[in-house]
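Chemist: Mind looking over this structure? Questions follow.
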Amino acid sequence: MAEKSNILFERPEALLPVQNTYCPGCAHGIVNRLVAEAIDALGIEGKTIGIAPVGCSVTSYNFYACDMIQAAHGRAPAVATGVKRVLPDHVVFSYQGDGDLASIGMAETVHAATRGEKITVIFINNAIYGMTGGQMAPTSLPNQTTQTSPYGRDVTTAGFPIRVCELLSTLDGVAYAERVTVDTPKNVRKAKKAIEKAFTYQIDGVGYSIIEVVATCPTNWGFTPQGAFHWMRDNMLPYYPLGVYKDVKADGYKDIYEAAAARAAECPLVNKEGDR
Amino acid sequence: MAEKSNILFERPEALLPVQNTYCPGCAHGIVNRLVAEAIDALGIEGKTIGIAPVGCSVTSYNFYACDMIQAAHGRAPAVATGVKRVLPDHVVFSYQGDGDLASIGMAETVHAATRGEKITVIFINNAIYGMTGGQMAPTSLPNQTTQTSPYGRDVTTAGFPIRVCELLSTLDGVAYAERVTVDTPKNVRKAKKAIEKAFTYQIDGVGYSIIEVVATCPTNWGFTPQGAFHWMRDNMLPYYPLGVYKDVKADGYKDIYEAAAARAAECPLVNKEGDR
Amino acid sequence: MPKILVDEFYCKGCGLCVSVCPQGIIELDMGKITGKGYHPARLTDESKCTGCTSCALMCPDVAITVER
Amino acid sequence: MPKILVDEFYCKGCGLCVSVCPQGIIELDMGKITGKGYHPARLTDESKCTGCTSCALMCPDVAITVER
Amino acid sequence: MSEKVLMKGNEALAESAIRAGCRYFFGYPITPQTELAAYMAKRMPKENGVYLQAESEVAAINMVYGAAATGARTMTSSSSPGISLKAEGISYLVGADLPAVIINVQRGGPGLGGIQPSQSDYWQATRAMGHGDSHLVVYAPSTVQEMADYVYHAFDIADKYRTPVMILADGMLGQMMEPVVLPERKTEFIEKPWAACGHDNKRPHNVVNSLYLMADDLERLNIERFERYAEIKATEQRSESFLCDDAEIVVVAFGASARIARTAVKRARENGIKVGLIRPISLWPFPERAIERTMDTAKAYLSVEMNMGQMVDDVRLVVNGRRPVEFFGHTGGVIPTPVEVYIQIENLAEKVGA
Amino acid sequence: MSEKVLMKGNEALAESAIRAGCRYFFGYPITPQTELAAYMAKRMPKENGVYLQAESEVAAINMVYGAAATGARTMTSSSSPGISLKAEGISYLVGADLPAVIINVQRGGPGLGGIQPSQSDYWQATRAMGHGDSHLVVYAPSTVQEMADYVYHAFDIADKYRTPVMILADGMLGQMMEPVVLPERKTEFIEKPWAACGHDNKRPHNVVNSLYLMADDLERLNIERFERYAEIKATEQRSESFLCDDAEIVVVAFGASARIARTAVKRARENGIKVGLIRPISLWPFPERAIERTMDTAKAYLSVEMNMGQMVDDVRLVVNGRRPVEFFGHTGGVIPTPVEVYIQIENLAEKVGA
Amino acid sequence: MPKTHNIILAGFGGQGVLFAGKLIATAGLIEDRELSWLPSYGPEMRGGTANCSVCLSDEPIGSPLVLEPDALLVMNQPSFDKFIETVAKGGVVIADSTMIPKITMPFDVSVYTIPATQLSEEHDLKGLANIIMLGKLFKEIDFCSAETLDAALVKCIPAKKQHLLEPNRKALALGMDY
Amino acid sequence: MPKTHNIILAGFGGQGVLFAGKLIATAGLIEDRELSWLPSYGPEMRGGTANCSVCLSDEPIGSPLVLEPDALLVMNQPSFDKFIETVAKGGVVIADSTMIPKITMPFDVSVYTIPATQLSEEHDLKGLANIIMLGKLFKEIDFCSAETLDAALVKCIPAKKQHLLEPNRKALALGMDY
Ligand SMILES: Cc1ncc(C[n+]2csc(CCOP(=O)(O)OP(=O)(O)O)c2C)c(N)n1
Ligand SMILES: Cc1ncc(C[n+]2csc(CCOP(=O)(O)OP(=O)(O)O)c2C)c(N)n1
Ligand code: SF4
Ligand code: SF4
Ligand code: SF4
Ligand code: SF4
Ligand code: SF4
Ligand code: SF4
Ligand SMILES: [Mg+2]
Ligand SMILES: [Mg+2]
């Protein structure tokens, strides 16, 4: 991206000049932009393929300038795997909502992670099913009122929310898992860094990377955009603490393979030389 | 169960007087018996419903004396949920292989666990797809040779095994998760205790319980029954350490609800009174 | 002099830029309705803009360009 | 006196009981073939059985009864 | 009798299911059936029933399988892509002879397709809802009143024949409001001695299962099930005939498209064309007898559908070459207009001299 | 030309797919197709290709979707219950116009059913492999040689028409060994300018998608696709006619059951009955023309299938009442015997005076 | 004498056109007529447009989808542009002139403009522009009796929002009297 | 003169009947005949029985599933009991008498017994009872030329197991000469 010296901030080139279809003030728009900025920053638009499964961001195949594939609800990690196995030198990301990633797509999520697929997952945790009009998500908070938890999420019947970063961090294939948010310019900058780092880990073959973005759905939560960020800060952040949940490089390993081997040091078969 | 004074050990009544269909020396047979013994010990045969999904133990619906439901591959936790929601005062267990529970059924597994369904899952980790003739399982070890990893499981393409107890223990719905094995009389006794405890937690409404049994498949591993236990001890136990991974009561809580509330103490919505 | 340009084609009048501008110099233009029916953001006092890009960082519709 | 009874209807001759019996008093009866084609287990020295139930605990086919 | 109320089709399905004794609903959100689940979420807790949002359609249908196996009245609901995901589970329900009710509020396909009304899952519903030799009873309501009536009836049929029953609706019927008189609460239910609900030490253990490793056993079972299917075909065909007594042109249309066809038929009658409408209500069993009865006067048939031509096969199979059978339809969520259908009728009438 | 080798049908499918240029296989174990995956697991690493055991059939078909979207030749394989799980994914392939090959080595159903050979997924394959207005090209080989030939051909057809293609085999064909001459390695492939494989800053971005929120757009696309289907129907019907020139009784059978029917037909000919066999190889498009050509001599048709009667509908739709069409079959994994089929032929001949 | 009405109500999501449509349908229910109400649905919630079709008749209703409305209640420019050409000859259009700057008047259609949104703000009836519009529509096409319309209002306002009844009545009157 | 053979080979899993069948099929391949080989499949691996059907012919083979074998090679009692009644008139049965204590002799069928398992143990050919049986079958029904049979053996024994070739030849000879 050619940077003009008098421009401090402009639309990233990896976003096409089209209006997005998100509601006013929806965090999806911010995160879409951050992904595009990362693509620009790394200069990888021509070799990036994005996967847009069903959810409010489904039409993002129209927004990104890189090649895009629309995927079935929950199956983005499988689709991304198919793509990456054909094009191991390309960059593949999926951009998934909480319903998509953590409910219907849980098996695909866990397995892409444990396989250590060299893909980057951008995970928008807005504690709701946005696109279908505000049903309970796997990440909806206890007592949260939604269309399908009209009396507040009752954990005794609807169960507990899933903390995705915590869950996936137990898997050997995960190189990098961080939870961020985008409620302030400062946090937006942090989120951007995390996304760029995730792409870099993919490019360097370190392993699977996921960035969970604690986000908002003003429309279905029934708040203004500002009010939504408020509610999110008050209620979601205590439940979904921000931070790095796994970073194999920070842990001192080259990649997931080194880290996993160290964890399984006691197993003779794992450490059998020659067969690998 | 009427115990005759001169009998030190006999077939549990919850096992019907039929031959099981397992290969000679297969650990499935031992674990089937332990489940039946637990049912006898707790006197719950009449109000127990077992779920047998696809896998070598599929025909166990013929072995158990309690009511049984055969389930689709991987879907036992969903079927168990359906049953338990209708019959909350009954005892529901599923008996699942590693392919069933941790591969195709991963979404159902994670979600039944996070919902805190009051069911007991008996999970046979034999590092292979037994019934279909020895394909790689989600728990097959790195470098393990199987029909579909003929050159040894290559973690760079087939990914890493999943440690199920570790994974599920991150979820609030899990009351009790323990990994046991059945390679020696002593371990068999421990396994039996664990299974009984899991049923008790269910009956007491503490939450979801899972007992992972590190097991063998002499036929598809290509060992004698004794040799299989050897290989298992040498290679699987270092990878899948035995022990209790979660026990909310041992952690000092009455049930999963108390434990989860404590974990989310900082979230105002969670601690909102009155709505629950 | 730094300043921002709001592209009304993109702007949905969500007001996030308004609330994060440390200078308090953005407002929604209630006198205007865009094609999609929104009141777009506008800079009220160009002279005060520091070019901090806070507004642009928060804009979900990528409607803001910040220039020096 | 403790002893075990092996029900040949169930026994598949896997030999797990043989290898765990601390008294070493179980063997597979090579002279016999069950209906399913297995050599069933049998107690070789009733007098040595301690009734420890180790064999029964390991039997996957629930073929063993231990009596006192 | 209850009073007439104004309700969305999706809500009428939900309320009527509850009145039919359904206390266990397992679903997963999808447009255009979300109101059904939302309604259940509100009402079930008040009925001491269970509304559970499953993790997926696959999980939902298997929860239904579990609940049905205990003998409870249970239901799930989805729309086209979600129904495809239930295919294996539905086949299991059939294989294990379990009663349950499945709602498909169809939308345009294939793939993610669109969310506008469609009837393009006709073949799937009537012939291949999953693998194996299997069928379900399929009802196609065409008013909100029928949404209520047939979901209610579906539970009885499911129990009686031990079969899953599908309500094949569409986005239009699901979303629209009409006045509806809701059925009375059902209080008496059939016994289910086969249910796996805990034997309480009072009977041998029950097993719910669809696995038969011996081919002969499986064949025997399938043949027995097809005997039940034969009985269903004999006794459960449902349809409405409108102006068919002297009809030379017989329009065949179901569900939403039947409403449009009806307007067109009326208009054509006003213009002197002898045209009638057969509206299949049971799509499986297909109302062969109703069509057969029109054969005396009919010179041609016209199947009107919101798809690329599916039910027309069933019409052809009944007519079996005795008369021409034509098709008119729209796909992808486009709703045919009465005028379009009228033109088709007029053209066909001209062609066959009716 | 390659030499004749002895191979299982499942292995021939695998080897021939590799020779057709397939380098991306995604599957999940299920009897009776496990040898296919095992073969791929052995061979793919040596071909620099990918064998990946997916976490489920659902994941496998979506991996295929991803690989196909990049323009690669890719395949998945399963058996009946596993195919049902792929229904949504296959509908997405259709909706996004993606070429791919899907193998169904059928077993008895419904539900878990059995593992013996069956043809009871005919309807699913030909009419409703998922929701929406959709079709796939379906081939039914009946020898191990044809397993090799048609999977090879399938990749070309898939690429040419941008459609998924299914090989509908069964446990018998998958498990049996026969001599087979394997096809040459394919070296030239069609261009795929639509593929999402990274635009390399050389073209506008490509999008692979099946979502069309505007009903008109979706309808337009479906109609375009059905125009392609019309072309496929016109040019891709495949079948084998055996002793049909003067046949008064025409047996119609595909795949494994066609082998048995052939023996019965030969025997009946020896006994002086003028009987022939039409063996549909393309099940969709159904070889209507081949059947039409027998109409001059035929007095009756007999559909022989390993199910409760499915293809017989397609025979009836072609024959359209002009001649009687009967059905004989076994289900649940039971394989009909030549003698049984012979008796059916004899009876039918007597009935219609052939 | 009751007659058939095929009405479209259209505007932005949030303007309350679906609710206004439901009031008409409820009026039909109270008068025991044949009726249908069909919303547009889909991702419209996201700031897009929303509309519904309402039919009242004395015969069973065929297609509930109104393609040639004999009445159009319209509250924004995009909807006006989309539907104005579909109005049947002799039809009636009620347009919110606050929200629709560019109003065209097709031949053979009566277009009534009313600054409903502005009126609602002026009369402290924020959010009730839809009801003002409905009042105007009622005045022009008389789709039910006045008592019925009031009864419909009572029926459609949920029990715990009964304090909104009076403002709604005021809004209705405002539209009727405009 | 070549003739048609429809053979069933049956025994316990692990006795090698599928391999013996494959040898016959390979012989057919070498002699360029029409042939098929079809195993029973399923959860038989678990200690159950295994069998396969092999057809050799000069015409395309219809059903590869042999229902009335003209030759039966059988290595355990359950399989003997299951298949003996299906053997065609004039058919040949080779039965391993070590494994099949109860042998019946139907009318019009030639039953040859051979203690193959015992022979294999006595001659240090453990695990090759199946090949001994095959030798006997070859002697009785002559399904290919002797050179072909040897060539089939060479072809079917994998490269890295060539040390097994000689023992196999010995086993074959043992059966042929019994
Ligand atoms: C198989 C299937 N089931 C359900 C749907 C309907 N559906 C579309 S998006 C969605 C969930 C959206 O929620 P989320 O993934 O959290 O994304 P968000 O809209 O909140 O960003 C659902 C259930 C579908 N398209 N396909
Ligand atoms: C949908 C579906 N896919 C695949 C299969 C085939 N299948 C049967 S059992 C099984 C796996 C068995 O492995 P596991 O769960 O580990 O149980 P084990 O036999 O090892 O005890 C598979 C893949 C099936 N029956 N259904
Ligand atoms: S519905 Fe919610 S998540 Fe979706 S675009 Fe609107 S605000 Fe964003
Ligand atoms: S195949 Fe393996 S797991 Fe299955 S019964 Fe045999 S030994 Fe046990
Ligand atoms: S943040 Fe962007 S969209 Fe929102 S008001 Fe400001 S410029 Fe407009
Ligand atoms: S750049 Fe900074 S100071 Fe300038 S308008 Fe934006 S937020 Fe305000
Ligand atoms: S452990 Fe049981 S089955 Fe095995 S040999 Fe001993 S008695 Fe027989
Ligand atoms: S009870 Fe103990 S001592 Fe007796 S046979 Fe069994 S293992 Fe041996
Ligand atoms: Mg969400
Ligand atoms: Mg296993």
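Simple scheme: letters A, B, ... for chains in structure tokens order, numbers from 1 for residues in each chain, numbers from 1 for ligands in the order shown.
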For chain A against ligand 6, with a cut-off of 12 Å and counting only C-alpha atoms and all ligand atoms, what is the closest atom pair and its distance in Å to one decimal for every residue that makes the cut, ordered by chain and number, as a tab-separated table?

Modeler:
residue	atom	partner	partner_atom_place_in_ligand_line	distance
A:Ile7	CA	ligand 6	1 (S)	11.3
A:Leu8	CA	ligand 6	1 (S)	8.7
A:Phe9	CA	ligand 6	1 (S)	8.8
A:Glu10	CA	ligand 6	1 (S)	11.5
A:Thr184	CA	ligand 6	7 (S)	11.3
A:Pro185	CA	ligand 6	7 (S)	9.2

Chemist: Kindly export the residues of the current selection with N, CA and C atoms, as a compact mmCIF listing (two decimals), in the first residue's frame.

Modeler:
# COMPACT_ATOMS: atom_id res chain seq x y z
N ILE A 7 -1.61 11.57 4.71
CA ILE A 7 -2.75 10.77 5.17
C ILE A 7 -2.40 10.07 6.46
N LEU A 8 -3.15 10.35 7.50
CA LEU A 8 -2.91 9.68 8.78
C LEU A 8 -3.72 8.40 8.89
N PHE A 9 -4.84 8.37 8.24
CA PHE A 9 -5.70 7.19 8.31
C PHE A 9 -6.59 7.17 7.08
N GLU A 10 -6.64 6.02 6.44
CA GLU A 10 -7.59 5.93 5.33
C GLU A 10 -8.09 4.50 5.19
N THR A 184 -12.47 0.71 22.52
CA THR A 184 -11.80 2.01 22.59
C THR A 184 -10.70 2.04 21.53
N PRO A 185 -10.29 3.22 21.15
CA PRO A 185 -9.19 3.30 20.17
C PRO A 185 -7.97 2.49 20.63

Chemist: Residues of chain G within 10 Å of chain E, counting only C-alpha atoms, what are they? List them as a short mmCIF file (atom, residue, chain, number, x, y, z; two decimals) with all heavy atoms, in the first residue's frame.

Modeler:
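For reference, part-v3.cif as written:
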data_model
loop_
_atom_site.label_atom_id
_atom_site.label_comp_id
_atom_site.auth_asym_id
_atom_site.auth_seq_id
_atom_site.Cartn_x
_atom_site.Cartn_y
_atom_site.Cartn_z
N LYS G 22 -50.56 -4.72 11.57
CA LYS G 22 -51.19 -5.67 12.48
C LYS G 22 -52.50 -5.08 13.04
O LYS G 22 -53.47 -5.80 13.27
CB LYS G 22 -50.23 -6.00 13.62
CG LYS G 22 -50.68 -7.19 14.43
CD LYS G 22 -49.69 -7.59 15.51
CE LYS G 22 -50.37 -8.54 16.48
NZ LYS G 22 -49.55 -8.83 17.66
N ALA G 25 -55.09 -5.68 10.48
CA ALA G 25 -55.47 -7.10 10.48
C ALA G 25 -56.35 -7.41 11.69
O ALA G 25 -57.34 -8.14 11.58
CB ALA G 25 -54.21 -7.97 10.50
N THR G 26 -56.01 -6.84 12.83
CA THR G 26 -56.78 -7.09 14.03
C THR G 26 -58.19 -6.53 13.89
O THR G 26 -59.17 -7.14 14.35
CB THR G 26 -56.07 -6.48 15.26
OG1 THR G 26 -54.76 -7.02 15.31
CG2 THR G 26 -56.80 -6.79 16.54
N GLY G 28 -59.76 -6.43 11.15
CA GLY G 28 -60.43 -7.45 10.34
C GLY G 28 -60.87 -8.63 11.18
O GLY G 28 -61.97 -9.17 11.01
N LEU G 29 -60.00 -9.04 12.10
CA LEU G 29 -60.32 -10.17 12.98
C LEU G 29 -61.56 -9.85 13.80
O LEU G 29 -62.48 -10.67 13.92
CB LEU G 29 -59.13 -10.45 13.91
CG LEU G 29 -59.32 -11.59 14.90
CD1 LEU G 29 -59.13 -12.93 14.21
CD2 LEU G 29 -58.36 -11.46 16.09
N ILE G 30 -61.59 -8.63 14.36
CA ILE G 30 -62.71 -8.24 15.22
C ILE G 30 -64.01 -8.23 14.42
O ILE G 30 -65.05 -8.65 14.91
CB ILE G 30 -62.42 -6.87 15.86
CG1 ILE G 30 -61.27 -7.00 16.86
CG2 ILE G 30 -63.67 -6.30 16.53
CD1 ILE G 30 -60.69 -5.70 17.34
N ASP G 32 -64.57 -10.11 12.03
CA ASP G 32 -64.74 -11.49 11.55
C ASP G 32 -64.64 -11.60 10.03
O ASP G 32 -65.39 -12.33 9.39
CB ASP G 32 -66.08 -12.06 12.05
CG ASP G 32 -66.03 -13.59 12.09
OD1 ASP G 32 -64.91 -14.13 12.16
OD2 ASP G 32 -67.09 -14.22 12.01
N ARG G 33 -63.75 -10.87 9.48
CA ARG G 33 -63.55 -10.93 8.04
C ARG G 33 -62.42 -11.89 7.68
O ARG G 33 -61.66 -12.32 8.54
CB ARG G 33 -63.20 -9.53 7.51
CG ARG G 33 -64.23 -8.47 7.94
CD ARG G 33 -64.02 -7.19 7.19
NE ARG G 33 -64.21 -7.41 5.74
CZ ARG G 33 -63.90 -6.52 4.81
NH1 ARG G 33 -63.37 -5.37 5.16
NH2 ARG G 33 -64.10 -6.79 3.55
N GLU G 34 -62.31 -12.24 6.42
CA GLU G 34 -61.13 -12.96 5.96
C GLU G 34 -60.00 -11.96 5.89
O GLU G 34 -60.19 -10.82 5.46
CB GLU G 34 -61.36 -13.54 4.56
CG GLU G 34 -62.51 -14.53 4.47
CD GLU G 34 -62.15 -15.89 5.06
OE1 GLU G 34 -60.94 -16.21 5.15
OE2 GLU G 34 -63.07 -16.64 5.44
N LEU G 35 -58.84 -12.39 6.31
CA LEU G 35 -57.73 -11.44 6.30
C LEU G 35 -56.38 -12.15 6.29
O LEU G 35 -56.29 -13.34 6.63
CB LEU G 35 -57.80 -10.56 7.55
CG LEU G 35 -57.47 -11.26 8.86
CD1 LEU G 35 -56.00 -11.10 9.23
CD2 LEU G 35 -58.34 -10.69 9.96
N SER G 36 -55.39 -11.43 5.88
CA SER G 36 -54.02 -11.94 6.01
C SER G 36 -53.07 -10.79 6.22
O SER G 36 -53.36 -9.65 5.83
CB SER G 36 -53.63 -12.71 4.74
OG SER G 36 -53.54 -11.83 3.64
N TRP G 37 -51.98 -11.09 6.86
CA TRP G 37 -50.93 -10.11 7.13
C TRP G 37 -49.61 -10.79 6.83
O TRP G 37 -49.35 -11.88 7.34
CB TRP G 37 -51.00 -9.71 8.61
CG TRP G 37 -49.92 -8.81 9.13
CD1 TRP G 37 -49.96 -7.45 9.24
CD2 TRP G 37 -48.64 -9.20 9.64
NE1 TRP G 37 -48.80 -6.98 9.77
CE2 TRP G 37 -47.96 -8.03 10.03
CE3 TRP G 37 -47.99 -10.44 9.79
CZ2 TRP G 37 -46.67 -8.04 10.58
CZ3 TRP G 37 -46.71 -10.45 10.33
CH2 TRP G 37 -46.06 -9.25 10.73
N LEU G 38 -48.83 -10.23 5.96
CA LEU G 38 -47.56 -10.87 5.58
C LEU G 38 -46.45 -9.84 5.58
O LEU G 38 -46.49 -8.86 4.85
CB LEU G 38 -47.69 -11.48 4.17
CG LEU G 38 -46.42 -12.13 3.61
CD1 LEU G 38 -46.13 -13.46 4.30
CD2 LEU G 38 -46.55 -12.35 2.10
N PRO G 39 -45.44 -10.06 6.41
CA PRO G 39 -44.33 -9.10 6.46
C PRO G 39 -43.28 -9.45 5.42
O PRO G 39 -43.14 -10.61 5.02
CB PRO G 39 -43.76 -9.33 7.85
CG PRO G 39 -43.94 -10.81 8.06
CD PRO G 39 -45.24 -11.16 7.35
N SER G 40 -42.54 -8.46 4.99
CA SER G 40 -41.27 -8.78 4.34
C SER G 40 -40.38 -9.25 5.48
O SER G 40 -40.56 -8.84 6.62
CB SER G 40 -40.67 -7.54 3.70
OG SER G 40 -40.35 -6.58 4.69
N TYR G 41 -39.48 -10.15 5.22
CA TYR G 41 -38.62 -10.59 6.32
C TYR G 41 -37.20 -10.80 5.81
O TYR G 41 -36.97 -10.86 4.62
CB TYR G 41 -39.17 -11.86 6.97
CG TYR G 41 -39.26 -13.06 6.06
CD1 TYR G 41 -38.21 -13.96 5.93
CD2 TYR G 41 -40.42 -13.31 5.33
CE1 TYR G 41 -38.30 -15.06 5.11
CE2 TYR G 41 -40.52 -14.42 4.51
CZ TYR G 41 -39.46 -15.29 4.39
OH TYR G 41 -39.54 -16.38 3.58
N GLY G 42 -36.30 -10.92 6.73
CA GLY G 42 -34.92 -11.14 6.32
C GLY G 42 -34.02 -10.17 7.02
O GLY G 42 -34.35 -9.66 8.09
N PRO G 43 -32.86 -9.93 6.45
CA PRO G 43 -31.88 -9.11 7.17
C PRO G 43 -32.27 -7.65 7.12
O PRO G 43 -31.44 -6.78 7.23
CB PRO G 43 -30.56 -9.40 6.43
CG PRO G 43 -30.92 -10.12 5.17
CD PRO G 43 -32.40 -10.33 5.12
N CYS G 52 -45.14 -4.61 4.94
CA CYS G 52 -46.04 -5.75 5.06
C CYS G 52 -47.23 -5.58 4.15
O CYS G 52 -47.58 -4.45 3.76
CB CYS G 52 -46.48 -5.99 6.51
SG CYS G 52 -47.48 -4.68 7.22
N SER G 53 -47.79 -6.72 3.80
CA SER G 53 -49.01 -6.75 2.99
C SER G 53 -50.17 -7.12 3.90
O SER G 53 -50.06 -8.07 4.67
CB SER G 53 -48.91 -7.86 1.92
OG SER G 53 -47.91 -7.58 0.99
N VAL G 54 -51.26 -6.39 3.81
CA VAL G 54 -52.46 -6.76 4.57
C VAL G 54 -53.63 -6.87 3.60
O VAL G 54 -53.83 -5.98 2.77
CB VAL G 54 -52.77 -5.71 5.65
CG1 VAL G 54 -54.01 -6.13 6.44
CG2 VAL G 54 -51.59 -5.55 6.59
N CYS G 55 -54.35 -7.96 3.69
CA CYS G 55 -55.55 -8.12 2.88
C CYS G 55 -56.76 -8.29 3.79
O CYS G 55 -56.70 -9.03 4.77
CB CYS G 55 -55.46 -9.36 1.99
SG CYS G 55 -54.03 -9.39 0.92
N PRO G 60 -62.10 -16.15 0.99
CA PRO G 60 -60.78 -16.64 1.39
C PRO G 60 -59.70 -15.95 0.57
O PRO G 60 -59.87 -15.72 -0.63
CB PRO G 60 -60.83 -18.13 1.07
CG PRO G 60 -62.28 -18.48 1.12
CD PRO G 60 -63.02 -17.26 0.66
N ILE G 61 -58.63 -15.64 1.20
CA ILE G 61 -57.57 -14.88 0.55
C ILE G 61 -56.59 -15.82 -0.12
O ILE G 61 -56.10 -16.77 0.50
CB ILE G 61 -56.88 -13.96 1.57
CG1 ILE G 61 -57.85 -12.81 1.89
CG2 ILE G 61 -55.57 -13.42 1.04
CD1 ILE G 61 -57.68 -12.23 3.24
N GLY G 62 -56.37 -15.57 -1.40
CA GLY G 62 -55.41 -16.39 -2.13
C GLY G 62 -54.01 -16.00 -1.70
O GLY G 62 -53.58 -16.29 -0.59
N SER G 63 -53.33 -15.27 -2.54
CA SER G 63 -51.98 -14.87 -2.19
C SER G 63 -52.02 -13.73 -1.19
O SER G 63 -52.64 -12.70 -1.43
CB SER G 63 -51.23 -14.41 -3.45
OG SER G 63 -49.95 -13.99 -3.07
N PRO G 64 -51.37 -13.91 -0.05
CA PRO G 64 -51.31 -12.83 0.94
C PRO G 64 -50.30 -11.76 0.54
O PRO G 64 -50.18 -10.74 1.19
CB PRO G 64 -50.85 -13.55 2.21
CG PRO G 64 -50.04 -14.70 1.71
CD PRO G 64 -50.65 -15.12 0.40
N LEU G 65 -49.58 -12.04 -0.54
CA LEU G 65 -48.56 -11.08 -0.99
C LEU G 65 -49.25 -10.08 -1.91
O LEU G 65 -49.74 -10.44 -2.98
CB LEU G 65 -47.47 -11.82 -1.76
CG LEU G 65 -46.33 -10.95 -2.28
CD1 LEU G 65 -45.49 -10.43 -1.12
CD2 LEU G 65 -45.45 -11.75 -3.23
N VAL G 66 -49.29 -8.84 -1.48
CA VAL G 66 -49.97 -7.82 -2.29
C VAL G 66 -48.98 -7.29 -3.31
O VAL G 66 -47.89 -6.83 -2.97
CB VAL G 66 -50.49 -6.69 -1.39
CG1 VAL G 66 -51.05 -5.55 -2.24
CG2 VAL G 66 -51.56 -7.23 -0.45
N LEU G 67 -49.37 -7.40 -4.57
CA LEU G 67 -48.48 -6.93 -5.63
C LEU G 67 -48.99 -5.61 -6.21
O LEU G 67 -48.20 -4.78 -6.63
CB LEU G 67 -48.38 -7.99 -6.73
CG LEU G 67 -47.73 -9.29 -6.26
CD1 LEU G 67 -47.92 -10.38 -7.30
CD2 LEU G 67 -46.26 -9.08 -5.96
#

Chemist: Would you kindly report the residues of chain H within 12 Å of chain D, using only C-alpha atoms, as an MDAnalysis selection string?

Modeler: chainID H and resid 11:15 46:49 75:79 98:101

Chemist: Take the residues from that selection and write them out as an mmCIF file, in the first residue's frame, keeping C-alpha atoms.

Modeler:
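See result.cif below for the written result:
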data_model
loop_
_atom_site.group_PDB
_atom_site.id
_atom_site.type_symbol
_atom_site.label_atom_id
_atom_site.label_comp_id
_atom_site.auth_asym_id
_atom_site.auth_seq_id
_atom_site.Cartn_x
_atom_site.Cartn_y
_atom_site.Cartn_z
ATOM 1 C CA GLY H 11 -13.214 -70.688 7.917
ATOM 2 C CA PHE H 12 -12.389 -68.606 10.961
ATOM 3 C CA GLY H 13 -10.941 -65.152 10.440
ATOM 4 C CA GLY H 14 -7.180 -65.577 10.494
ATOM 5 C CA GLN H 15 -7.126 -68.983 8.833
ATOM 6 C CA ARG H 46 -13.871 -60.193 15.798
ATOM 7 C CA GLY H 47 -13.199 -63.881 15.948
ATOM 8 C CA GLY H 48 -16.152 -64.758 13.776
ATOM 9 C CA THR H 49 -16.160 -66.609 10.534
ATOM 10 C CA MET H 75 -11.754 -74.953 7.539
ATOM 11 C CA ASN H 76 -14.077 -74.921 10.532
ATOM 12 C CA GLN H 77 -17.185 -76.586 11.829
ATOM 13 C CA PRO H 78 -19.614 -73.645 11.769
ATOM 14 C CA SER H 79 -18.721 -72.910 8.136
ATOM 15 C CA THR H 98 -8.398 -81.150 12.151
ATOM 16 C CA MET H 99 -10.882 -78.362 12.600
ATOM 17 C CA ILE H 100 -14.080 -80.122 11.628
ATOM 18 C CA PRO H 101 -14.828 -83.040 13.882
#
